[in-house]
$ cat upload29.txt   # compact mmCIF, C-alpha atoms
# COMPACT_ATOMS: atom_id res chain seq x y z
CA VAL A 706 -43.17 -81.40 7.91
CA ASN A 707 -41.21 -84.34 6.59
CA SER A 708 -43.28 -85.93 3.85
CA ALA A 709 -43.32 -85.25 0.12
CA ASN A 710 -47.05 -85.98 0.36
CA CYS A 711 -47.42 -82.57 1.95
CA LEU A 712 -46.60 -80.95 -1.35
CA THR A 713 -49.88 -81.93 -2.96
CA SER A 714 -51.74 -78.85 -1.77
CA LEU A 715 -49.00 -76.34 -2.35
CA ARG A 716 -48.40 -74.29 -5.47
CA PRO A 717 -48.04 -76.02 -8.88
CA SER A 718 -44.25 -76.18 -8.86
CA ALA A 719 -44.28 -78.12 -5.59
CA MET A 720 -46.88 -80.49 -6.98
CA LEU A 721 -44.67 -80.97 -10.02
CA TYR A 722 -41.78 -82.15 -7.86
CA LYS A 723 -44.01 -84.60 -6.06
CA LEU A 724 -45.04 -86.05 -9.40
CA ILE A 725 -41.39 -86.28 -10.42
CA MET A 726 -40.68 -88.20 -7.23
CA MET A 727 -43.56 -90.58 -7.93
CA SER A 728 -42.60 -91.25 -11.52
CA THR A 729 -38.81 -91.30 -11.28
CA ALA A 730 -37.29 -94.74 -11.59
CA LEU A 731 -35.43 -95.99 -8.56
CA LYS A 732 -34.63 -99.66 -9.16
CA PHE A 733 -33.83 -101.91 -12.09
CA SER A 734 -35.02 -105.37 -13.12
CA ASN A 735 -34.17 -107.32 -16.32
CA GLY A 736 -33.11 -104.16 -18.09
CA TYR A 737 -36.47 -102.48 -17.51
CA VAL A 738 -36.90 -99.65 -15.10
CA LEU A 739 -39.22 -100.07 -12.15
CA ASN A 740 -40.40 -97.26 -9.98
CA ARG A 741 -42.79 -96.56 -7.15
CA SER A 742 -45.79 -96.27 -9.40
CA VAL A 743 -45.21 -98.49 -12.46
CA VAL A 744 -44.57 -102.24 -12.57
CA PRO A 745 -44.48 -104.59 -15.60
CA ILE A 746 -47.40 -107.00 -15.85
CA GLY A 747 -47.59 -109.34 -18.81
CA LYS A 748 -47.11 -107.51 -22.12
CA GLY A 749 -47.88 -104.04 -20.81
CA LEU A 750 -47.15 -101.74 -17.93
CA ARG A 751 -49.59 -101.14 -15.11
CA THR A 752 -49.51 -98.72 -12.26
CA LYS A 753 -50.00 -100.01 -8.76
CA ARG A 754 -53.56 -98.79 -9.07
CA SER A 755 -53.89 -101.09 -12.12
CA GLN A 756 -54.21 -98.25 -14.60
CA LYS A 757 -52.81 -99.83 -17.74
CA LEU A 758 -50.84 -97.67 -20.13
CA LYS A 759 -53.13 -97.54 -23.12
CA SER A 760 -50.87 -98.80 -25.89
CA PRO A 761 -47.80 -101.01 -26.40
CA LYS A 762 -46.24 -97.99 -28.12
CA ARG A 763 -46.60 -95.92 -24.98
CA ALA A 764 -45.10 -98.72 -22.91
CA ALA A 765 -42.23 -99.00 -25.38
CA ASN A 766 -41.67 -95.25 -25.17
CA ALA A 767 -41.53 -95.47 -21.39
CA ILE A 768 -38.86 -98.16 -21.61
CA LYS A 769 -36.97 -96.18 -24.26
CA LEU A 770 -37.06 -93.13 -22.01
CA HIS A 771 -35.49 -95.20 -19.24
CA GLU A 772 -32.73 -96.41 -21.54
CA GLU A 773 -31.97 -92.85 -22.56
CA ILE A 774 -31.83 -91.23 -19.13
CA PHE A 775 -30.92 -93.92 -16.62
CA ASP A 776 -27.30 -94.55 -17.47
CA LEU A 777 -25.71 -94.48 -14.02
CA GLU A 778 -22.27 -93.57 -15.35
CA GLU A 779 -23.74 -90.72 -17.34
CA PHE A 780 -25.71 -89.61 -14.29
CA ALA A 781 -22.58 -89.65 -12.14
CA LYS A 782 -20.86 -87.40 -14.67
CA GLU A 783 -23.85 -85.08 -14.95
CA LYS A 784 -24.13 -84.95 -11.18
CA GLN A 785 -20.56 -83.72 -10.90
CA GLU A 786 -21.11 -81.02 -13.53
CA ARG A 787 -24.52 -79.96 -12.28
CA VAL A 788 -25.12 -76.48 -10.89
CA GLY A 789 -27.86 -76.41 -8.30
CA LYS A 790 -30.55 -73.77 -8.68
CA VAL A 791 -32.19 -71.56 -6.09
CA THR A 792 -35.74 -70.47 -6.90
CA ILE A 793 -37.23 -67.64 -4.87
CA ARG A 794 -40.90 -66.75 -5.05
CA ASN A 795 -41.84 -63.46 -3.37
CA THR A 796 -45.61 -62.97 -3.16
CA GLN A 797 -45.71 -60.54 -0.22
CA ARG A 798 -45.63 -56.81 -0.94
CA LYS A 799 -44.91 -55.19 2.41
CA TYR A 800 -41.14 -55.72 2.59
CA ASP A 801 -38.54 -54.83 -0.02
CA ILE A 802 -36.25 -57.85 -0.31
CA ASP A 803 -33.12 -58.11 -2.47
CA THR A 804 -33.82 -61.56 -3.91
CA ASN A 805 -30.58 -61.59 -5.91
CA ARG A 806 -28.55 -61.22 -2.74
CA LEU A 807 -30.74 -63.78 -1.00
CA GLU A 808 -30.20 -66.23 -3.87
CA ARG A 809 -26.43 -65.87 -3.42
CA ASP A 810 -26.78 -66.43 0.33
CA LEU A 811 -28.81 -69.60 -0.21
CA SER A 812 -26.33 -70.91 -2.77
CA GLU A 813 -23.51 -70.40 -0.29
CA ILE A 814 -25.40 -72.15 2.51
CA LYS A 815 -26.08 -75.10 0.19
CA ARG A 816 -22.36 -75.25 -0.64
CA LEU A 817 -21.41 -75.23 3.03
CA ILE A 818 -23.73 -78.14 3.84
CA GLY A 819 -22.51 -80.12 0.81
CA TYR A 820 -25.56 -79.77 -1.45
CA ASP A 821 -24.48 -77.07 -3.89
CA LYS A 822 -25.47 -79.26 -6.85
CA TRP A 823 -29.04 -79.61 -5.60
CA ASP A 824 -32.00 -77.30 -6.18
CA CYS A 825 -34.07 -75.68 -3.47
CA HIS A 826 -37.07 -73.38 -3.37
CA LEU A 827 -37.93 -70.48 -1.09
CA TRP A 828 -41.32 -68.81 -0.90
CA LEU A 829 -41.58 -65.44 0.87
CA THR A 830 -45.20 -64.90 1.79
CA THR A 831 -47.68 -63.60 4.37
CA ASP A 832 -48.83 -64.60 7.82
CA ALA A 833 -52.19 -65.76 6.48
CA THR A 834 -50.58 -68.17 4.00
CA VAL A 835 -48.18 -69.67 6.52
CA LYS A 836 -50.95 -70.01 9.10
CA LYS A 837 -53.11 -71.84 6.58
CA LEU A 838 -50.29 -74.24 5.65
CA ASN A 839 -49.30 -74.75 9.28
CA ARG A 840 -52.89 -75.66 10.13
CA GLN A 841 -53.18 -77.96 7.12
CA PHE A 842 -49.94 -79.88 7.51
CA ARG A 843 -48.97 -79.56 11.19
CA LYS A 844 -52.42 -79.19 12.78
CA SER A 845 -51.26 -75.96 14.42
CA ASP A 846 -53.71 -73.09 13.94
CA LYS A 847 -51.17 -70.28 14.12
CA SER A 848 -48.48 -68.69 12.03
CA THR A 849 -44.75 -69.34 12.39
CA ASP A 850 -41.55 -67.98 10.90
CA ILE A 851 -40.61 -70.83 8.55
CA LEU A 852 -42.00 -74.13 7.27
CA SER A 853 -39.73 -76.66 5.60
CA PHE A 854 -41.09 -79.30 3.23
CA GLN A 855 -38.50 -82.04 2.89
CA ILE A 856 -38.61 -84.31 -0.17
CA HIS A 857 -35.93 -86.91 0.56
CA GLU A 858 -35.34 -88.99 3.66
CA ALA A 859 -31.96 -88.82 5.36
CA THR A 860 -29.83 -91.77 6.42
CA VAL A 861 -28.36 -89.60 9.19
CA PRO A 862 -28.76 -85.85 9.79
CA GLY A 863 -27.01 -84.07 6.93
CA THR A 864 -26.88 -87.05 4.57
CA LEU A 865 -29.78 -87.80 2.21
CA LYS A 866 -30.47 -91.17 0.64
CA GLU A 867 -28.97 -91.81 -2.79
CA VAL A 868 -30.85 -90.55 -5.83
CA TYR A 869 -30.67 -91.89 -9.39
CA HIS A 870 -31.76 -89.06 -11.64
CA PRO A 871 -30.98 -85.32 -11.90
CA GLU A 872 -34.67 -84.44 -11.54
CA GLU A 873 -34.56 -85.96 -8.05
CA MET A 874 -31.89 -83.52 -6.91
CA VAL A 875 -34.34 -81.17 -5.23
CA LEU A 876 -34.00 -80.61 -1.49
CA GLY A 877 -37.50 -79.28 -1.02
CA GLU A 878 -39.24 -76.01 -0.25
CA MET A 879 -39.03 -73.43 2.54
CA ILE A 880 -41.87 -71.00 3.22
CA ILE A 881 -41.32 -67.87 5.33
CA SER A 882 -43.83 -65.40 6.76
CA LEU A 883 -42.10 -62.02 6.70
CA GLN A 884 -44.82 -60.49 8.89
CA TYR A 885 -44.06 -63.04 11.58
CA VAL A 886 -40.32 -62.42 11.23
CA ASP A 887 -40.92 -58.68 11.61
CA ARG A 888 -43.03 -59.08 14.76
CA VAL A 889 -40.43 -61.25 16.46
CA ALA A 890 -37.61 -58.89 15.45
CA VAL A 891 -39.47 -55.97 17.06
CA GLU A 892 -40.07 -58.00 20.22
CA ASP A 893 -36.41 -59.07 20.40
CA LYS A 894 -35.20 -55.50 19.94
CA HIS A 895 -37.54 -54.24 22.66
CA GLU A 896 -36.36 -57.00 25.02
CA PHE A 897 -32.71 -56.21 24.29
CA GLU A 898 -33.18 -52.49 24.97
CA LYS A 899 -35.05 -53.23 28.19
CA GLU A 900 -32.31 -55.56 29.44
CA LYS A 901 -29.65 -53.05 28.48
CA ALA A 902 -31.42 -50.24 30.36
CA GLU A 903 -31.72 -52.45 33.45
CA GLY A 904 -28.12 -53.60 33.21
CA ILE A 905 -29.08 -57.22 32.67
CA GLN A 906 -26.64 -59.51 30.88
CA ALA A 907 -28.81 -61.44 28.44
CA GLU A 908 -28.39 -65.15 27.91
CA TYR A 909 -29.21 -66.09 24.33
CA GLU A 910 -30.50 -69.39 23.04
CA ARG A 911 -28.30 -71.67 21.01
CA GLY A 912 -28.28 -71.89 17.22
CA VAL A 913 -30.13 -69.64 14.81
CA SER A 914 -32.55 -68.37 17.47
CA GLY A 915 -29.71 -66.99 19.54
CA ALA A 916 -28.00 -65.41 16.56
CA MET A 917 -31.19 -63.71 15.36
CA ALA A 918 -31.81 -62.25 18.83
CA ARG A 919 -29.20 -59.63 17.92
CA VAL A 920 -30.44 -59.01 14.35
CA TYR A 921 -33.45 -56.73 13.94
CA SER A 922 -33.77 -56.30 10.18
CA VAL A 923 -36.33 -58.55 8.47
CA GLU A 924 -34.13 -58.91 5.39
CA GLU A 925 -31.05 -59.80 7.43
CA ARG A 926 -32.94 -62.43 9.40
CA ILE A 927 -33.97 -64.39 6.31
CA PRO A 928 -30.58 -66.09 5.69
CA TYR A 929 -30.50 -67.23 9.33
CA LEU A 930 -33.93 -68.79 8.91
CA CYS A 931 -32.78 -70.41 5.67
CA ILE A 932 -29.88 -72.04 7.51
CA HIS A 933 -32.44 -73.57 9.86
CA GLY A 934 -34.78 -74.52 7.01
CA LEU A 935 -32.09 -76.07 4.81
CA LEU A 936 -30.85 -78.18 7.71
CA HIS A 937 -34.38 -79.52 8.07
CA LEU A 938 -34.37 -80.37 4.36
CA VAL A 939 -31.25 -82.51 4.79
CA GLY A 940 -32.54 -84.40 7.81
CA TYR A 941 -31.80 -82.36 10.94
CA ASP A 942 -34.54 -81.95 13.53
CA HIS A 943 -35.07 -80.77 17.10
CA GLU A 944 -37.71 -83.16 18.45
CA SER A 945 -35.45 -84.41 21.24
CA ASP A 946 -32.81 -82.62 23.33
CA GLU A 947 -30.10 -84.63 21.60
CA ASP A 948 -31.44 -83.71 18.14
CA PHE A 949 -31.70 -80.06 19.17
CA GLN A 950 -28.10 -79.91 20.39
CA LEU A 951 -26.87 -81.52 17.17
CA MET A 952 -28.86 -79.12 14.98
CA ALA A 953 -27.93 -76.05 17.04
CA LYS A 954 -24.24 -76.94 16.83
CA ARG A 955 -24.44 -77.19 13.03
CA GLU A 956 -26.37 -73.91 12.83
CA GLU A 957 -23.67 -72.17 14.86
CA GLU A 958 -20.96 -73.55 12.58
CA LEU A 959 -22.78 -72.19 9.54

$ encode --input "upload29.txt" --output "structure tokens"
Amino acid sequence: VNSANCLTSLRPSAMLYKLIMMSTALKFSNGYVLNRSVVPIGKGLRTKRSQKLKSPKRAANAIKLHEEIFDLEEFAKEKQERVGKVTIRNTQRKYDIDTNRLERDLSEIKRLIGYDKWDCHLWLTTDATVKKLNRQFRKSDKSTDILSFQIHEATVPGTLKEVYHPEEMVLGEMIISLQYVDRVAVEDKHEFEKEKAEGIQAEYERGVSGAMARVYSVEERIPYLCIHGLLHLVGYDHESDEDFQLMAKREEEL
């Protein structure tokens, strides 16, 4: 799922980041900040839906806010000093997950892909939740291991478009069904033991899928899935064979 529009039906924090994206200024004109949803018309400010801000004072405050926070030199400095956050929400109760360790793993993966100063969110949940979201956003009426909700477009895989405010430095959200992960881990372990008993030399897939085929703990599989999910958030995909090979190569490096 590649659109920030997909965040509208997710939990409140995801909705908040969509609103930030809509209201964050991206371009400048005559010293006044313009963004995707507000343009100056006459003496006031109107949204693109022609909802006029109710008072000149409010319009003045909006402009003042721009002057206070959209100093590009100041932003460049803040960007260098910024420490990206990892937020983990764990609403499933079946599996005991060390979220502190997982937070460290995610921070390291972000560093390795060059986005350590950016925030990201991970939601550990159930099959039912992931199935519902998969049906809603991908029109696929089944569960899956991970969904990635990307906020920013990429210029090329691994490189996001420029942002102009610290609040925009959010990669997006990953959602994992631990029940699904567990089922696949059991199936992979059974397949491995069967091949071993029959003396078959297994050929594993490339990328994260191949690596996880030899990992049977739910908790230990999560960082592998997060590698895959974070690469989606920074513009990698596997729609074509060429895209798949590029993404698998990067996954193997990580």

$ closest_atom_pairs --input "upload29.txt" --of "segment 765-830 of chain A" --to "segment 864-879 of chain A" --cutoff "12 Å" --atoms "only C-alpha atoms" --output "Markdown table"
| residue | atom | partner | partner_atom | distance |
| --- | --- | --- | --- | --- |
| A:His771 | CA | A:His870 | CA | 10.5 |
| A:Glu773 | CA | A:His870 | CA | 11.6 |
| A:Ile774 | CA | A:His870 | CA | 7.8 |
| A:Phe775 | CA | A:His870 | CA | 7.0 |
| A:Asp776 | CA | A:Tyr869 | CA | 9.1 |
| A:Leu777 | CA | A:Tyr869 | CA | 7.3 |
| A:Glu778 | CA | A:Tyr869 | CA | 10.4 |
| A:Glu779 | CA | A:His870 | CA | 10.0 |
| A:Phe780 | CA | A:His870 | CA | 6.6 |
| A:Ala781 | CA | A:Tyr869 | CA | 8.8 |
| A:Lys782 | CA | A:Pro871 | CA | 10.7 |
| A:Glu783 | CA | A:Pro871 | CA | 7.8 |
| A:Lys784 | CA | A:Pro871 | CA | 6.9 |
| A:Gln785 | CA | A:Pro871 | CA | 10.6 |
| A:Glu786 | CA | A:Pro871 | CA | 10.9 |
| A:Arg787 | CA | A:Pro871 | CA | 8.4 |
| A:Val788 | CA | A:Met874 | CA | 10.5 |
| A:Gly789 | CA | A:Met874 | CA | 8.3 |
| A:Lys790 | CA | A:Val875 | CA | 9.0 |
| A:Val791 | CA | A:Val875 | CA | 9.9 |
| A:Thr792 | CA | A:Glu878 | CA | 9.3 |
| A:Ile793 | CA | A:Met879 | CA | 9.6 |
| A:Arg794 | CA | A:Met879 | CA | 10.3 |
| A:Asn795 | CA | A:Met879 | CA | 11.9 |
| A:Leu811 | CA | A:Met879 | CA | 11.3 |
| A:Lys815 | CA | A:Leu876 | CA | 9.8 |
| A:Ile818 | CA | A:Thr864 | CA | 9.5 |
| A:Gly819 | CA | A:Thr864 | CA | 9.0 |
| A:Tyr820 | CA | A:Leu876 | CA | 8.5 |
| A:Asp821 | CA | A:Met874 | CA | 10.3 |
| A:Lys822 | CA | A:Met874 | CA | 7.7 |
| A:Trp823 | CA | A:Met874 | CA | 5.0 |
| A:Asp824 | CA | A:Val875 | CA | 4.6 |
| A:Cys825 | CA | A:Leu876 | CA | 5.3 |
| A:His826 | CA | A:Glu878 | CA | 4.6 |
| A:Leu827 | CA | A:Met879 | CA | 4.8 |
| A:Trp828 | CA | A:Met879 | CA | 6.2 |
| A:Leu829 | CA | A:Met879 | CA | 8.6 |
| A:Thr830 | CA | A:Met879 | CA | 10.6 |

$ atom_distance --input "upload29.txt" --atom1 "atom CA of Ala918 of chain A" --atom2 "atom CA of Arg840 of chain A"
26.5 Å

$ residues_around --input "upload29.txt" --residues "Ser922 of chain A" --least-positions-apart "4" --cutoff "10 Å" --atoms "all atoms listed in the file" --output "list of chain:residue names"
A:Val886, A:Asp887, A:Ala890, A:Val891, A:Lys894, A:Met917, A:Arg926, A:Ile927

$ write_last_selection --input "upload29.txt" --atoms "C-alpha atoms" --output "mmCIF file, in the frame of the given file"
data_model
loop_
_atom_site.group_PDB
_atom_site.id
_atom_site.type_symbol
_atom_site.label_atom_id
_atom_site.label_comp_id
_atom_site.auth_asym_id
_atom_site.auth_seq_id
_atom_site.Cartn_x
_atom_site.Cartn_y
_atom_site.Cartn_z
ATOM 1 C CA VAL A 886 -40.320 -62.420 11.230
ATOM 2 C CA ASP A 887 -40.920 -58.680 11.610
ATOM 3 C CA ALA A 890 -37.610 -58.890 15.450
ATOM 4 C CA VAL A 891 -39.470 -55.970 17.060
ATOM 5 C CA LYS A 894 -35.200 -55.500 19.940
ATOM 6 C CA MET A 917 -31.190 -63.710 15.360
ATOM 7 C CA ARG A 926 -32.940 -62.430 9.400
ATOM 8 C CA ILE A 927 -33.970 -64.390 6.310
#

$ closest_residue --input "upload29.txt" --among "A:Pro928, A:Thr849, A:Met952, A:Asp942" --to "Thr804 of chain A" --atoms "all atoms listed in the file"
A:Pro928

$ atom_distance --input "upload29.txt" --atom1 "atom CA of Phe949 of chain A" --atom2 "atom CA of Gln884 of chain A"
25.7 Å

$ atom_distance --input "upload29.txt" --atom1 "atom CA of Ile851 of chain A" --atom2 "atom CA of Lys799 of chain A"
17.3 Å

$ closest_residue --input "upload29.txt" --among "A:Arg809, A:Lys847, A:His857, A:Arg911" --to "Tyr885 of chain A" --atoms "all atoms listed in the file"
A:Lys847

$ closest_residue --input "upload29.txt" --among "A:Ile881, A:Ala859, A:Ala953, A:Gln906" --to "Ala833 of chain A" --atoms "all atoms listed in the file"
A:Ile881

$ closest_residue --input "upload29.txt" --among "A:Asp850, A:Ile814, A:Ile856, A:Ser882" --to "Thr796 of chain A" --atoms "all atoms listed in the file"
A:Ser882

$ axis_aligned_box --input "upload29.txt" --around "segment 841-855 of chain A" --padding-each-side "5 Å" --output "lines of an AutoDock Vina configuration file"
center_x = -46.1
center_y = -75.0
center_z = 8.7
size_x = 25.2
size_y = 24.1
size_z = 21.5

$ residues_around --input "upload29.txt" --residues "Glu896 of chain A" --least-positions-apart "5" --cutoff "12 Å" --atoms "all atoms listed in the file" --output "compact mmCIF listing (two decimals) with C-alpha atoms, in the frame of the given file"
# COMPACT_ATOMS: atom_id res chain seq x y z
CA VAL A 889 -40.43 -61.25 16.46
CA ALA A 890 -37.61 -58.89 15.45
CA VAL A 891 -39.47 -55.97 17.06
CA LYS A 901 -29.65 -53.05 28.48
CA ALA A 902 -31.42 -50.24 30.36
CA GLU A 903 -31.72 -52.45 33.45
CA ILE A 905 -29.08 -57.22 32.67
CA GLN A 906 -26.64 -59.51 30.88
CA ALA A 907 -28.81 -61.44 28.44
CA GLU A 908 -28.39 -65.15 27.91
CA TYR A 909 -29.21 -66.09 24.33
CA ALA A 918 -31.81 -62.25 18.83
CA ARG A 919 -29.20 -59.63 17.92
CA TYR A 921 -33.45 -56.73 13.94

$ closest_residue --input "upload29.txt" --among "A:Asp832, A:Glu947, A:Asp803, A:Glu956" --to "Ala916 of chain A" --atoms "only C-alpha atoms"
A:Glu956

$ build_atoms --input "upload29.txt" --residues "segment 884-894 of chain A" --atoms "all heavy atoms" --output "tab-separated table (two decimals), keeping the file's coordinate frame"
chain	number	residue	atom	x	y	z
A	884	GLN	N	-44.10	-61.21	7.83
A	884	GLN	CA	-44.82	-60.49	8.89
A	884	GLN	C	-44.46	-61.07	10.26
A	884	GLN	O	-44.24	-60.33	11.22
A	884	GLN	CB	-46.32	-60.59	8.66
A	884	GLN	CG	-46.82	-59.78	7.46
A	884	GLN	CD	-48.28	-60.10	7.15
A	884	GLN	OE1	-48.64	-61.24	6.88
A	884	GLN	NE2	-49.12	-59.08	7.18
A	885	TYR	N	-44.42	-62.39	10.33
A	885	TYR	CA	-44.06	-63.04	11.58
A	885	TYR	C	-42.62	-62.70	11.96
A	885	TYR	O	-42.34	-62.38	13.13
A	885	TYR	CB	-44.22	-64.56	11.44
A	885	TYR	CG	-44.07	-65.32	12.73
A	885	TYR	CD1	-45.19	-65.72	13.45
A	885	TYR	CD2	-42.81	-65.66	13.22
A	885	TYR	CE1	-45.06	-66.43	14.64
A	885	TYR	CE2	-42.67	-66.36	14.41
A	885	TYR	CZ	-43.79	-66.74	15.11
A	885	TYR	OH	-43.65	-67.44	16.30
A	886	VAL	N	-41.73	-62.76	10.99
A	886	VAL	CA	-40.32	-62.42	11.23
A	886	VAL	C	-40.20	-61.00	11.77
A	886	VAL	O	-39.43	-60.73	12.71
A	886	VAL	CB	-39.50	-62.59	9.94
A	886	VAL	CG1	-38.06	-62.11	10.15
A	886	VAL	CG2	-39.51	-64.04	9.48
A	887	ASP	N	-40.95	-60.08	11.19
A	887	ASP	CA	-40.92	-58.68	11.61
A	887	ASP	C	-41.39	-58.54	13.05
A	887	ASP	O	-40.77	-57.84	13.86
A	887	ASP	CB	-41.80	-57.85	10.67
A	887	ASP	CG	-41.60	-56.36	10.85
A	887	ASP	OD1	-40.65	-55.95	11.58
A	887	ASP	OD2	-42.36	-55.58	10.24
A	888	ARG	N	-42.50	-59.18	13.40
A	888	ARG	CA	-43.03	-59.08	14.76
A	888	ARG	C	-42.02	-59.56	15.80
A	888	ARG	O	-41.80	-58.92	16.83
A	888	ARG	CB	-44.31	-59.91	14.90
A	888	ARG	CG	-45.55	-59.24	14.38
A	888	ARG	CD	-46.80	-59.87	14.98
A	888	ARG	NE	-46.85	-61.30	14.81
A	888	ARG	CZ	-47.29	-61.91	13.71
A	888	ARG	NH1	-47.68	-61.21	12.67
A	888	ARG	NH2	-47.31	-63.23	13.65
A	889	VAL	N	-41.40	-60.70	15.52
A	889	VAL	CA	-40.43	-61.25	16.46
A	889	VAL	C	-39.19	-60.37	16.56
A	889	VAL	O	-38.63	-60.19	17.65
A	889	VAL	CB	-40.06	-62.70	16.07
A	889	VAL	CG1	-38.97	-63.24	16.99
A	889	VAL	CG2	-41.28	-63.60	16.12
A	890	ALA	N	-38.77	-59.79	15.44
A	890	ALA	CA	-37.61	-58.89	15.45
A	890	ALA	C	-37.88	-57.67	16.33
A	890	ALA	O	-37.01	-57.24	17.11
A	890	ALA	CB	-37.27	-58.46	14.04
A	891	VAL	N	-39.08	-57.11	16.23
A	891	VAL	CA	-39.47	-55.97	17.06
A	891	VAL	C	-39.48	-56.36	18.54
A	891	VAL	O	-38.98	-55.62	19.41
A	891	VAL	CB	-40.85	-55.43	16.63
A	891	VAL	CG1	-41.36	-54.40	17.64
A	891	VAL	CG2	-40.78	-54.81	15.24
A	892	GLU	N	-40.03	-57.53	18.84
A	892	GLU	CA	-40.07	-58.00	20.22
A	892	GLU	C	-38.66	-58.22	20.77
A	892	GLU	O	-38.36	-57.86	21.92
A	892	GLU	CB	-40.87	-59.31	20.30
A	892	GLU	CG	-42.35	-59.14	20.03
A	892	GLU	CD	-43.07	-60.47	19.88
A	892	GLU	OE1	-42.40	-61.52	20.04
A	892	GLU	OE2	-44.28	-60.46	19.59
A	893	ASP	N	-37.79	-58.81	19.97
A	893	ASP	CA	-36.41	-59.07	20.40
A	893	ASP	C	-35.66	-57.77	20.65
A	893	ASP	O	-34.89	-57.65	21.62
A	893	ASP	CB	-35.67	-59.90	19.36
A	893	ASP	CG	-36.10	-61.36	19.35
A	893	ASP	OD1	-36.77	-61.78	20.32
A	893	ASP	OD2	-35.76	-62.07	18.39
A	894	LYS	N	-35.88	-56.79	19.78
A	894	LYS	CA	-35.20	-55.50	19.94
A	894	LYS	C	-35.67	-54.81	21.21
A	894	LYS	O	-34.87	-54.26	21.99
A	894	LYS	CB	-35.46	-54.61	18.73
A	894	LYS	CG	-34.69	-53.30	18.78
A	894	LYS	CD	-34.92	-52.48	17.52
A	894	LYS	CE	-34.11	-51.18	17.58
A	894	LYS	NZ	-34.31	-50.36	16.36
